[in-house]
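**Student:** Sharing final_9.txt here; it has compact mmCIF, C-alpha atoms.
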```txt
# COMPACT_ATOMS: atom_id res chain seq x y z
CA ALA A 280 -42.25 39.58 -23.10
CA ALA A 281 -42.48 37.03 -25.92
CA SER A 282 -43.50 34.28 -23.53
CA ALA A 283 -46.13 36.55 -21.97
CA ALA A 284 -47.48 37.32 -25.42
CA ALA A 285 -47.57 33.67 -26.39
CA SER A 286 -49.31 32.70 -23.16
CA ALA A 287 -51.81 35.55 -23.33
CA THR A 288 -52.72 34.89 -26.95
CA ALA A 289 -53.56 31.24 -26.47
CA SER A 290 -56.76 30.49 -28.33
CA THR A 291 -59.51 30.33 -25.75
CA THR A 292 -63.03 31.51 -25.22
CA ASP A 293 -62.91 31.97 -21.46
CA SER A 294 -61.82 35.09 -19.63
CA THR A 295 -59.73 33.49 -16.89
CA ALA A 296 -56.71 35.40 -15.68
CA THR A 297 -53.17 34.21 -16.26
CA THR A 298 -49.90 35.50 -14.85
CA THR A 299 -46.68 35.18 -16.85
CA GLY A 300 -43.39 36.81 -16.00
CA GLY A 301 -45.08 39.08 -13.46
CA LEU A 302 -47.59 40.36 -16.04
CA ARG A 303 -51.27 39.64 -15.54
CA PHE A 304 -53.44 39.16 -18.60
CA LYS A 305 -56.96 37.93 -19.01
CA ARG A 306 -57.45 35.49 -21.83
CA TYR A 307 -59.89 36.66 -24.46
CA PRO A 308 -60.76 35.59 -27.96
CA GLN A 309 -58.28 37.71 -29.88
CA HIS A 310 -59.08 40.32 -32.48
CA GLN A 311 -56.46 41.97 -34.65
CA TRP A 312 -55.58 45.61 -34.03
CA GLU A 313 -54.28 47.63 -36.98
CA TRP A 314 -53.04 51.15 -37.69
CA LEU A 315 -53.79 53.20 -40.81
CA LEU A 316 -50.69 53.77 -42.95
CA CYS A 317 -52.53 55.64 -45.72
CA PRO A 318 -56.13 55.61 -46.96
CA GLY A 319 -57.15 52.00 -47.46
CA THR A 320 -53.89 50.49 -46.12
CA TRP A 321 -54.11 48.97 -42.63
CA VAL A 322 -51.01 47.50 -40.95
CA PRO A 323 -51.48 44.86 -38.23
CA TYR A 324 -49.72 45.22 -34.89
CA ASP A 325 -47.44 42.32 -34.03
CA GLU A 326 -48.63 39.64 -31.63
CA GLY A 327 -47.18 41.11 -28.43
CA GLN A 328 -48.47 44.60 -29.19
CA ASN A 329 -51.85 43.17 -30.15
CA VAL A 330 -52.17 41.40 -26.78
CA GLN A 331 -51.37 44.61 -24.90
CA ILE A 332 -53.89 46.66 -26.89
CA GLU A 333 -56.63 44.00 -26.78
CA THR A 334 -56.20 43.56 -23.02
CA ARG A 335 -56.54 47.30 -22.47
CA TRP A 336 -59.65 47.42 -24.68
CA HIS A 337 -61.25 44.62 -22.63
CA ASN A 338 -60.36 46.35 -19.36
CA LEU A 339 -62.27 49.40 -20.56
CA GLN A 340 -65.21 47.28 -21.73
CA ASP A 341 -65.31 45.78 -18.23
CA ASN A 342 -65.65 49.34 -16.88
CA ASP A 343 -62.33 49.24 -15.03
CA ALA A 344 -62.26 52.86 -13.84
CA THR A 345 -58.66 52.50 -12.67
CA MET A 346 -57.44 51.80 -16.19
CA SER A 347 -56.28 54.51 -18.61
CA PRO A 348 -57.49 54.04 -22.20
CA VAL A 349 -53.88 54.51 -23.33
CA VAL A 350 -51.39 51.66 -23.68
CA HIS A 351 -47.72 52.42 -24.37
CA ILE A 352 -46.10 50.13 -26.91
CA VAL A 353 -42.47 49.91 -27.95
CA GLY A 354 -40.92 48.27 -30.95
CA ASP A 355 -41.24 47.62 -34.58
CA THR A 356 -44.28 45.99 -36.10
CA ASN A 357 -44.14 42.59 -37.78
CA GLY A 358 -40.33 42.58 -37.83
CA VAL A 359 -40.25 45.59 -40.16
CA ARG A 360 -37.97 48.37 -38.93
CA SER A 361 -40.03 51.45 -38.16
CA LEU A 362 -39.16 54.68 -39.92
CA GLY A 363 -41.09 56.57 -37.23
CA LYS A 364 -39.27 59.14 -35.15
CA LYS A 365 -37.54 57.74 -32.10
CA LEU A 366 -36.74 59.39 -28.81
CA PRO A 367 -32.99 59.98 -28.22
CA GLY A 368 -31.34 56.78 -27.04
CA MET A 369 -34.21 54.53 -28.16
CA LYS A 370 -33.65 51.71 -30.65
CA SER A 371 -37.22 51.72 -31.92
CA ALA A 372 -40.21 54.00 -32.11
CA GLU A 373 -42.64 54.24 -29.19
CA TYR A 374 -46.36 54.84 -29.44
CA ASP A 375 -49.30 55.54 -27.19
CA VAL A 376 -52.41 53.75 -28.42
CA ASN A 377 -55.66 55.22 -27.11
CA VAL A 378 -58.32 52.51 -27.44
CA ALA A 379 -61.13 54.92 -26.53
CA ALA A 380 -60.17 57.50 -29.18
CA MET A 381 -59.01 54.73 -31.58
CA GLN A 382 -55.77 56.62 -32.21
CA GLN A 383 -52.02 55.95 -32.09
CA THR A 384 -49.57 58.75 -31.26
CA ASN A 385 -45.82 58.63 -31.93
CA SER A 386 -44.19 59.52 -28.59
CA ALA A 387 -41.32 61.44 -30.24
CA SER A 388 -43.10 63.33 -33.02
CA GLY A 389 -46.67 63.52 -31.72
CA TYR A 390 -47.91 62.26 -35.11
CA LYS A 391 -51.33 60.63 -34.82
CA ARG A 392 -52.82 57.77 -36.82
CA GLU A 393 -56.17 56.03 -36.76
CA VAL A 394 -56.34 52.51 -35.32
CA ARG A 395 -59.03 49.87 -35.60
CA ARG A 396 -59.99 46.56 -34.03
CA SER A 397 -60.96 44.01 -36.64
CA SER A 398 -63.52 41.31 -36.05
CA THR A 399 -61.15 38.72 -37.49
CA PRO A 400 -59.35 36.76 -34.77
CA SER A 401 -55.56 36.94 -35.04
CA GLY A 402 -53.83 33.94 -36.54
CA THR A 403 -56.54 33.32 -39.14
```
Would you mind writing the file's structure down as structure tokens?
**Tutor:**
Amino acid sequence: AASAAASATASTTDSTATTTGGLRFKRYPQHQWEWLLCPGTWVPYDEGQNVQIETRWHNLQDNDATMSPVVHIVGDTNGVRSLGKKLPGMKSAEYDVNVAAMQQTNSASGYKREVRRSSTPSGT
């Protein structure tokens, strides 16, 4: 997954497709996705999560009717252990990020948070 994230986040301005480890991503200029911790405090998703969310957002912008607006992400953000509720047997929290509704939902608790897509490319 890390190699797929690194490959898919390569800085580029084209939208050519790339396949890494069986996953197919289009390359896009990256924007940073963030979730709202509390009023005024936005937390960035880590690189791999950001690629997944950004790819889904672009699929919807390209009017891909076969694509759900929801992307399922697993893991802790930015190396910080999540305190979010976890499903039994899971090592980390899982979330469904709906890029149409701009909302993240904890899969175990159902707790919802606002998400946003910043205009600042990741890595800057």
**Student:** For A:Lys391, which of A:Val330, A:Val378, A:Leu315, A:Ala344 is the closest residue, counting all atoms listed in the file?
**Tutor:**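 The shortest atom-to-atom distance to A:Lys391 comes from A:Leu315.
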**Student:** Write out as a list in words which residues come within 7 Å of A:Ser397 when counting only C-alpha atoms, dropping same-chain ones fewer than 4 positions away.
**Tutor:**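 Here the qualifying residues turn out to be His310, Gln311 and Trp312 of chain A.
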**Student:** What's the 6 Å shell around stretch 351-353 of chain A, counting all atoms listed in the file, without same-chain residues fewer than 4 positions away, as a PyMOL selection string?
**Tutor:** chain A and resi 373-375
**Student:** State, in Å with one decimal place, the distance from atom CA of A:Ser398 to atom CA of A:Ser386.
**Tutor:**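 The value is 27.6 Å.
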**Student:** So how far away is atom CA of A:His337 from atom CA of A:Gly389, in Å?
**Tutor:**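 About the pair atom CA of A:Gly389 and atom CA of A:His337: they are 25.5 Å apart.
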**Student:** Compile the contact shell of A:Ser347 as a short mmCIF file (atom, residue, chain, number, x, y, z; two decimals) with C-alpha atoms, keeping the file's coordinate frame: residues with an atom at most 10 Å away, counting only C-alpha atoms, same-chain residues fewer than 6 positions apart removed.
**Tutor:**
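Printed below is part_35.cif as written:
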```cif
data_model
loop_
_atom_site.label_atom_id
_atom_site.label_comp_id
_atom_site.auth_asym_id
_atom_site.auth_seq_id
_atom_site.Cartn_x
_atom_site.Cartn_y
_atom_site.Cartn_z
CA ARG A 335 -56.54 47.30 -22.47
CA TRP A 336 -59.65 47.42 -24.68
CA ASN A 338 -60.36 46.35 -19.36
CA LEU A 339 -62.27 49.40 -20.56
CA ASN A 377 -55.66 55.22 -27.11
CA VAL A 378 -58.32 52.51 -27.44
CA ALA A 379 -61.13 54.92 -26.53
#
```
**Student:** Just to confirm, what's the straight-line distance from atom CA of A:Gly354 to atom CA of A:Asn342 in Å (one decimal)?
**Tutor:** 28.5 Å
